[in-house]
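Everything below belongs to work13.cif, which stores mmCIF, C-alpha atoms and all ligand atoms.
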```cif
data_upload
#
loop_
_atom_site.group_PDB
_atom_site.id
_atom_site.type_symbol
_atom_site.label_atom_id
_atom_site.label_comp_id
_atom_site.auth_asym_id
_atom_site.auth_seq_id
_atom_site.Cartn_x
_atom_site.Cartn_y
_atom_site.Cartn_z
ATOM 1 C CA MET U 127 -4.672 -21.837 -21.549
ATOM 2 C CA THR U 128 -1.743 -19.656 -22.371
ATOM 3 C CA LEU U 129 -1.346 -15.925 -22.618
ATOM 4 C CA THR U 130 2.106 -16.215 -24.164
ATOM 5 C CA THR U 131 1.031 -14.925 -27.564
ATOM 6 C CA TYR U 132 -0.954 -12.088 -26.007
ATOM 7 C CA ARG U 133 2.059 -10.969 -23.991
ATOM 8 C CA ARG U 134 4.548 -11.407 -26.816
ATOM 9 C CA LYS U 135 2.617 -8.988 -29.009
ATOM 10 C CA ARG U 136 2.565 -6.202 -26.454
ATOM 11 C CA ASP U 137 5.009 -3.955 -24.604
ATOM 12 C CA PHE U 138 3.409 -3.386 -21.198
ATOM 13 C CA ASN U 139 5.701 -0.454 -20.527
ATOM 14 C CA ARG U 140 3.935 1.301 -23.390
ATOM 15 C CA THR U 141 0.396 0.014 -23.664
ATOM 16 C CA PRO U 142 -2.219 0.572 -20.943
ATOM 17 C CA GLU U 143 -3.647 -2.906 -21.619
ATOM 18 C CA PRO U 144 -3.504 -5.346 -18.682
ATOM 19 C CA ARG U 145 -0.722 -7.899 -18.595
ATOM 20 C CA GLY U 146 -3.037 -10.272 -16.750
ATOM 21 C CA GLY U 147 -2.235 -12.632 -13.923
ATOM 22 C CA PRO U 148 -2.049 -16.385 -14.208
ATOM 23 C CA ALA U 149 -5.140 -17.811 -15.912
ATOM 24 C CA SER U 150 -7.471 -18.556 -13.036
ATOM 25 C CA LYS U 151 -10.537 -20.732 -12.974
ATOM 26 C CA GLN U 152 -13.573 -18.747 -12.045
ATOM 27 C CA ALA U 153 -16.614 -20.363 -10.555
ATOM 28 C CA GLY U 154 -20.117 -19.497 -11.674
ATOM 29 C CA ALA U 155 -21.413 -17.805 -14.779
ATOM 30 C CA LEU U 156 -19.082 -17.137 -17.693
ATOM 31 C CA LYS U 157 -18.531 -13.558 -18.778
ATOM 32 C CA PHE U 158 -18.468 -12.171 -22.277
ATOM 33 C CA VAL U 159 -17.453 -8.784 -23.536
ATOM 34 C CA ILE U 160 -17.491 -7.105 -26.904
ATOM 35 C CA HIS U 161 -14.968 -4.365 -27.401
ATOM 36 C CA LYS U 162 -15.305 -1.736 -30.090
ATOM 37 C CA HIS U 163 -11.769 -1.134 -31.270
ATOM 38 C CA ASP U 164 -10.945 1.774 -33.535
ATOM 39 C CA ALA U 165 -7.601 0.422 -34.763
ATOM 40 C CA THR U 166 -6.179 0.718 -38.302
ATOM 41 C CA ARG U 167 -9.595 -0.606 -39.228
ATOM 42 C CA LEU U 168 -12.586 -0.230 -36.949
ATOM 43 C CA HIS U 169 -13.725 -3.627 -35.725
ATOM 44 C CA TYR U 170 -15.364 -5.364 -32.813
ATOM 45 C CA ASP U 171 -13.734 -7.983 -30.594
ATOM 46 C CA LEU U 172 -15.910 -10.777 -29.249
ATOM 47 C CA ARG U 173 -14.429 -12.286 -26.091
ATOM 48 C CA LEU U 174 -15.843 -15.346 -24.340
ATOM 49 C CA GLU U 175 -14.533 -16.437 -20.952
ATOM 50 C CA LEU U 176 -13.395 -20.037 -20.859
ATOM 51 C CA ASP U 177 -10.901 -21.776 -18.582
ATOM 52 C CA GLY U 178 -9.615 -18.556 -17.067
ATOM 53 C CA VAL U 179 -8.973 -16.605 -20.260
ATOM 54 C CA LEU U 180 -11.001 -14.698 -22.823
ATOM 55 C CA ARG U 181 -11.225 -16.596 -26.101
ATOM 56 C CA SER U 182 -11.250 -13.849 -28.708
ATOM 57 C CA TRP U 183 -12.451 -13.157 -32.230
ATOM 58 C CA ALA U 184 -11.991 -9.960 -34.233
ATOM 59 C CA VAL U 185 -15.195 -9.147 -36.092
ATOM 60 C CA PRO U 186 -14.682 -6.528 -38.845
ATOM 61 C CA LYS U 187 -18.382 -5.657 -39.241
ATOM 62 C CA GLY U 188 -19.589 -6.462 -35.745
ATOM 63 C CA PRO U 189 -22.591 -8.651 -34.948
ATOM 64 C CA SER U 190 -25.768 -8.747 -37.012
ATOM 65 C CA PHE U 191 -29.209 -9.351 -35.523
ATOM 66 C CA ASP U 192 -30.329 -10.810 -38.863
ATOM 67 C CA PRO U 193 -29.995 -14.638 -38.850
ATOM 68 C CA ALA U 194 -29.451 -14.512 -42.618
ATOM 69 C CA GLU U 195 -26.236 -12.513 -42.158
ATOM 70 C CA LYS U 196 -22.963 -14.271 -41.525
ATOM 71 C CA ARG U 197 -20.287 -12.117 -39.960
ATOM 72 C CA LEU U 198 -16.630 -12.956 -40.415
ATOM 73 C CA ALA U 199 -14.948 -13.468 -37.028
ATOM 74 C CA ILE U 200 -11.206 -14.073 -37.036
ATOM 75 C CA GLN U 201 -10.037 -16.052 -34.025
ATOM 76 C CA VAL U 202 -7.141 -14.257 -32.363
ATOM 77 C CA GLU U 203 -4.980 -14.856 -29.316
ATOM 78 C CA ASP U 204 -6.546 -15.531 -25.916
ATOM 79 C CA HIS U 205 -6.716 -12.435 -23.730
ATOM 80 C CA PRO U 206 -6.486 -12.266 -19.920
ATOM 81 C CA LEU U 207 -9.729 -12.128 -17.954
ATOM 82 C CA GLU U 208 -8.730 -8.652 -16.749
ATOM 83 C CA TYR U 209 -9.030 -7.453 -20.337
ATOM 84 C CA GLY U 210 -12.814 -7.714 -20.004
ATOM 85 C CA GLY U 211 -12.917 -4.399 -18.185
ATOM 86 C CA PHE U 212 -10.321 -2.676 -20.326
ATOM 87 C CA GLU U 213 -11.070 0.636 -21.975
ATOM 88 C CA GLY U 214 -8.386 3.015 -23.110
ATOM 89 C CA VAL U 215 -6.195 4.151 -25.929
ATOM 90 C CA ILE U 216 -3.436 1.855 -27.178
ATOM 91 C CA PRO U 217 -0.618 4.225 -28.170
ATOM 92 C CA LYS U 218 0.577 4.786 -31.711
ATOM 93 C CA GLY U 219 3.151 2.264 -32.815
ATOM 94 C CA GLU U 220 1.863 -0.426 -30.447
ATOM 95 C CA TYR U 221 -0.027 -3.538 -31.452
ATOM 96 C CA GLY U 222 -3.673 -2.635 -32.089
ATOM 97 C CA ALA U 223 -3.061 1.104 -31.679
ATOM 98 C CA GLY U 224 -6.257 3.085 -31.204
ATOM 99 C CA PRO U 225 -9.127 3.545 -28.765
ATOM 100 C CA VAL U 226 -10.920 0.579 -27.212
ATOM 101 C CA ILE U 227 -14.319 0.758 -25.493
ATOM 102 C CA VAL U 228 -16.594 -1.866 -24.009
ATOM 103 C CA TRP U 229 -19.523 -2.079 -26.432
ATOM 104 C CA ASP U 230 -21.429 -4.831 -24.680
ATOM 105 C CA ARG U 231 -20.916 -7.147 -21.752
ATOM 106 C CA GLY U 232 -22.752 -9.790 -19.785
ATOM 107 C CA ARG U 233 -22.909 -13.543 -19.363
ATOM 108 C CA TRP U 234 -22.633 -16.265 -21.928
ATOM 109 C CA LYS U 235 -23.778 -19.848 -21.733
ATOM 110 C CA PRO U 236 -22.473 -22.507 -24.085
ATOM 111 C CA ARG U 237 -24.789 -25.292 -25.186
ATOM 112 C CA GLY U 238 -22.760 -28.417 -24.764
ATOM 113 C CA ASP U 239 -19.031 -28.522 -24.103
ATOM 114 C CA PRO U 240 -17.430 -25.364 -25.499
ATOM 115 C CA ARG U 241 -13.960 -26.967 -25.562
ATOM 116 C CA GLU U 242 -15.296 -29.607 -27.905
ATOM 117 C CA GLY U 243 -16.998 -26.847 -29.843
ATOM 118 C CA LEU U 244 -13.721 -24.977 -30.242
ATOM 119 C CA ALA U 245 -11.948 -28.132 -31.369
ATOM 120 C CA ASN U 246 -14.725 -29.143 -33.742
ATOM 121 C CA GLY U 247 -15.423 -25.689 -35.130
ATOM 122 C CA ARG U 248 -18.938 -25.078 -33.914
ATOM 123 C CA ILE U 249 -20.073 -23.343 -30.738
ATOM 124 C CA ASP U 250 -23.746 -22.744 -29.993
ATOM 125 C CA PHE U 251 -24.368 -20.365 -27.135
ATOM 126 C CA GLU U 252 -26.636 -17.874 -25.429
ATOM 127 C CA LEU U 253 -25.755 -14.290 -24.662
ATOM 128 C CA ALA U 254 -27.281 -12.249 -21.884
ATOM 129 C CA GLY U 255 -25.806 -8.814 -22.465
ATOM 130 C CA GLU U 256 -27.157 -5.299 -22.654
ATOM 131 C CA LYS U 257 -27.224 -5.175 -26.450
ATOM 132 C CA LEU U 258 -26.919 -8.839 -27.426
ATOM 133 C CA GLN U 259 -29.332 -11.481 -26.198
ATOM 134 C CA GLY U 260 -30.489 -14.945 -27.122
ATOM 135 C CA GLY U 261 -28.979 -17.638 -29.290
ATOM 136 C CA TRP U 262 -25.856 -17.241 -31.414
ATOM 137 C CA LYS U 263 -23.424 -19.584 -33.123
ATOM 138 C CA LEU U 264 -19.825 -19.534 -34.184
ATOM 139 C CA ILE U 265 -18.904 -21.818 -37.059
ATOM 140 C CA ARG U 266 -15.349 -22.305 -38.238
ATOM 141 C CA MET U 267 -15.059 -21.905 -41.979
ATOM 142 C CA ALA U 268 -14.981 -25.163 -43.883
ATOM 143 C CA GLY U 269 -11.639 -26.812 -44.350
ATOM 144 C CA ARG U 270 -9.895 -24.656 -41.780
ATOM 145 C CA ARG U 271 -8.119 -26.160 -38.833
ATOM 146 C CA ALA U 272 -7.632 -24.485 -35.500
ATOM 147 C CA GLU U 273 -4.632 -22.213 -35.930
ATOM 148 C CA ALA U 274 -3.785 -18.565 -35.519
ATOM 149 C CA LYS U 275 -6.131 -16.185 -37.343
ATOM 150 C CA THR U 276 -8.648 -18.862 -38.146
ATOM 151 C CA PRO U 277 -11.765 -17.498 -39.843
ATOM 152 C CA TRP U 278 -15.098 -18.311 -38.264
ATOM 153 C CA LEU U 279 -18.585 -17.062 -39.024
ATOM 154 C CA TRP U 280 -20.697 -15.506 -36.285
ATOM 155 C CA ILE U 281 -24.408 -15.868 -36.824
ATOM 156 C CA LYS U 282 -27.582 -14.991 -34.900
ATOM 157 C CA GLU U 283 -29.826 -17.916 -34.311
ATOM 158 C CA LYS U 284 -33.318 -17.880 -35.840
HETATM 159 MN MN MN U 301 -9.097 -5.590 -31.674
#
```
Please express what this file holds, its structure, as structure tokens.
Amino acid sequence: MTLTTYRRKRDFNRTPEPRGGPASKQAGALKFVIHKHDATRLHYDLRLELDGVLRSWAVPKGPSFDPAEKRLAIQVEDHPLEYGGFEGVIPKGEYGAGPVIVWDRGRWKPRGDPREGLANGRIDFELAGEKLQGGWKLIRMAGRRAEAKTPWLWIKEK
């Protein structure tokens, strides 16, 4: 995976965000993190570790525990694994300016091959976090191909 887009959007002389090393395969359980990011608009960022990076979605309303609620989740650039522990304030004028905190973190477990899921637009998975647990799914909105800022829906499983 590539962090080119992530790095292009940021000036690491100005932002406290990690530049990240080379994407490294990590053995064992996969990590997830949800950042609460008080940028121009408050939103949450869902980040799922896969192949040495954090696959990322910006979720304007955050997760819902109600399986009847579908939450818009815009796929954004992959972030470095080191971003999982990031908390801080991105300075004014920089990309994503505003405070970032870790809202939840833990392990995630895809059902089936998550690479196929990403390509096909449906990922079913389990979360074992402090706030979020159990089954969830991400479904790419109909008719949309994988591209920058692709809209997905994030839904709690019944
Ligand atoms: Mn964000």
Neighbours of ligand MN 301 (chain U) within 12 Å, counting only C-alpha atoms and all ligand atoms, as a ChimeraX atom specification? /U:132,143,160-173,182-188,199-205,209,212-213,215-216,221-228
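Restricting the calculation to only C-alpha atoms, the smallest distance between Arg266 (chain U) and any of U:Leu198, U:Val159, U:Gly232, U:Glu220 is found for U:Leu198.
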When distances are computed from only C-alpha atoms, which of U:Leu176, U:Gly260, U:Thr131, U:Pro206 shows the smallest separation from Gly147 (chain U)?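 Checking each candidate against Gly147 (chain U), we get U:Pro206 as the closest.
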Residues returned when the PyMOL selection byres (((chain U and resi 196) around 7) and not hetatm) runs on this file, as a ChimeraX atom specification: /U:194-195,197-198,279-281
Between CA of Met267 (chain U) and CA of Lys235 (chain U), what is the distance in Å, rounded to a tenth?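 The value is 22.1 Å.
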Find the spatial neighbours of Trp262 (chain U), counting all atoms listed in the file, within a cut-off of 9 Å - ignore same-chain residues fewer than 6 positions away - and output them as a PyMOL selection string. chain U and resi 193+249-253+280-284
If you keep C-alpha atoms, can you produce a file of those selected residues as an mmCIF file, keeping the file's coordinate frame?
```cif
data_model
loop_
_atom_site.group_PDB
_atom_site.id
_atom_site.type_symbol
_atom_site.label_atom_id
_atom_site.label_comp_id
_atom_site.auth_asym_id
_atom_site.auth_seq_id
_atom_site.Cartn_x
_atom_site.Cartn_y
_atom_site.Cartn_z
ATOM 1 C CA PRO U 193 -29.995 -14.638 -38.850
ATOM 2 C CA ILE U 249 -20.073 -23.343 -30.738
ATOM 3 C CA ASP U 250 -23.746 -22.744 -29.993
ATOM 4 C CA PHE U 251 -24.368 -20.365 -27.135
ATOM 5 C CA GLU U 252 -26.636 -17.874 -25.429
ATOM 6 C CA LEU U 253 -25.755 -14.290 -24.662
ATOM 7 C CA TRP U 280 -20.697 -15.506 -36.285
ATOM 8 C CA ILE U 281 -24.408 -15.868 -36.824
ATOM 9 C CA LYS U 282 -27.582 -14.991 -34.900
ATOM 10 C CA GLU U 283 -29.826 -17.916 -34.311
ATOM 11 C CA LYS U 284 -33.318 -17.880 -35.840
#
```
Show me, as AutoDock Vina command-line options, the centre and edge lengths in Å to one decimal of the axis-aligned box that covers every listed atom of region 223-235 of chain U with 8 Å on each side.
```
--center_x -13.4 --center_y -8.2 --center_z -25.5 --size_x 36.7 --size_y 39.4 --size_z 28.3
```
CA of Asp230 (chain U) to CA of Ala268 (chain U), straight-line distance in Å: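 Value for the CA of Ala268 (chain U)-CA of Asp230 (chain U) distance: 28.7 Å.
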Is it possible to dump region 184-239 of chain U as a JSON list (two decimals), in the first residue's frame, including just C-alpha atoms?
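Okay, this is what ended up in part.json:
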```json
[["chain", "number", "residue", "atom", "x", "y", "z"],
["U", 184, "ALA", "CA", -14.23, 9.78, 7.56],
["U", 185, "VAL", "CA", -17.60, 9.37, 9.26],
["U", 186, "PRO", "CA", -19.45, 12.69, 9.70],
["U", 187, "LYS", "CA", -21.92, 11.41, 12.32],
["U", 188, "GLY", "CA", -19.83, 8.66, 13.87],
["U", 189, "PRO", "CA", -21.01, 5.09, 14.40],
["U", 190, "SER", "CA", -24.54, 4.14, 15.36],
["U", 191, "PHE", "CA", -25.38, 1.14, 17.55],
["U", 192, "ASP", "CA", -28.78, 0.92, 15.83],
["U", 193, "PRO", "CA", -28.67, -1.61, 12.94],
["U", 194, "ALA", "CA", -31.40, 0.40, 11.20],
["U", 195, "GLU", "CA", -29.08, 3.42, 10.92],
["U", 196, "LYS", "CA", -26.70, 3.73, 8.02],
["U", 197, "ARG", "CA", -23.80, 6.08, 8.60],
["U", 198, "LEU", "CA", -22.04, 7.72, 5.68],
["U", 199, "ALA", "CA", -18.33, 6.84, 5.70],
["U", 200, "ILE", "CA", -16.15, 8.51, 3.08],
["U", 201, "GLN", "CA", -13.08, 6.47, 2.21],
["U", 202, "VAL", "CA", -9.99, 8.64, 2.45],
["U", 203, "GLU", "CA", -6.27, 8.12, 1.98],
["U", 204, "ASP", "CA", -4.46, 5.30, 3.79],
["U", 205, "HIS", "CA", -2.71, 6.46, 6.95],
["U", 206, "PRO", "CA", 0.51, 5.07, 8.46],
["U", 207, "LEU", "CA", 0.20, 2.51, 11.24],
["U", 208, "GLU", "CA", 1.86, 5.01, 13.59],
["U", 209, "TYR", "CA", -1.19, 7.24, 13.17],
["U", 210, "GLY", "CA", -3.15, 4.80, 15.34],
["U", 211, "GLY", "CA", -1.65, 6.31, 18.46],
["U", 212, "PHE", "CA", -1.81, 9.90, 17.30],
["U", 213, "GLU", "CA", -3.49, 12.54, 19.41],
["U", 214, "GLY", "CA", -2.77, 16.21, 19.06],
["U", 215, "VAL", "CA", -3.73, 19.45, 17.45],
["U", 216, "ILE", "CA", -3.18, 19.91, 13.72],
["U", 217, "PRO", "CA", -2.26, 23.59, 13.34],
["U", 218, "LYS", "CA", -4.41, 26.18, 11.61],
["U", 219, "GLY", "CA", -3.86, 26.30, 7.89],
["U", 220, "GLU", "CA", -2.77, 22.66, 7.70],
["U", 221, "TYR", "CA", -4.78, 19.83, 6.21],
["U", 222, "GLY", "CA", -7.41, 18.70, 8.72],
["U", 223, "ALA", "CA", -6.62, 21.52, 11.16],
["U", 224, "GLY", "CA", -8.06, 20.93, 14.62],
["U", 225, "PRO", "CA", -7.76, 18.61, 17.60],
["U", 226, "VAL", "CA", -7.64, 14.83, 17.18],
["U", 227, "ILE", "CA", -8.24, 12.32, 19.99],
["U", 228, "VAL", "CA", -8.45, 8.55, 20.06],
["U", 229, "TRP", "CA", -12.14, 7.80, 20.65],
["U", 230, "ASP", "CA", -11.92, 4.03, 20.53],
["U", 231, "ARG", "CA", -9.31, 1.42, 19.77],
["U", 232, "GLY", "CA", -8.87, -2.33, 19.78],
["U", 233, "ARG", "CA", -8.72, -5.26, 17.39],
["U", 234, "TRP", "CA", -10.71, -5.93, 14.28],
["U", 235, "LYS", "CA", -11.32, -9.19, 12.50],
["U", 236, "PRO", "CA", -12.53, -9.34, 8.92],
["U", 237, "ARG", "CA", -14.86, -12.13, 7.87],
["U", 238, "GLY", "CA", -13.41, -13.39, 4.65],
["U", 239, "ASP", "CA", -10.68, -11.67, 2.66]]
```
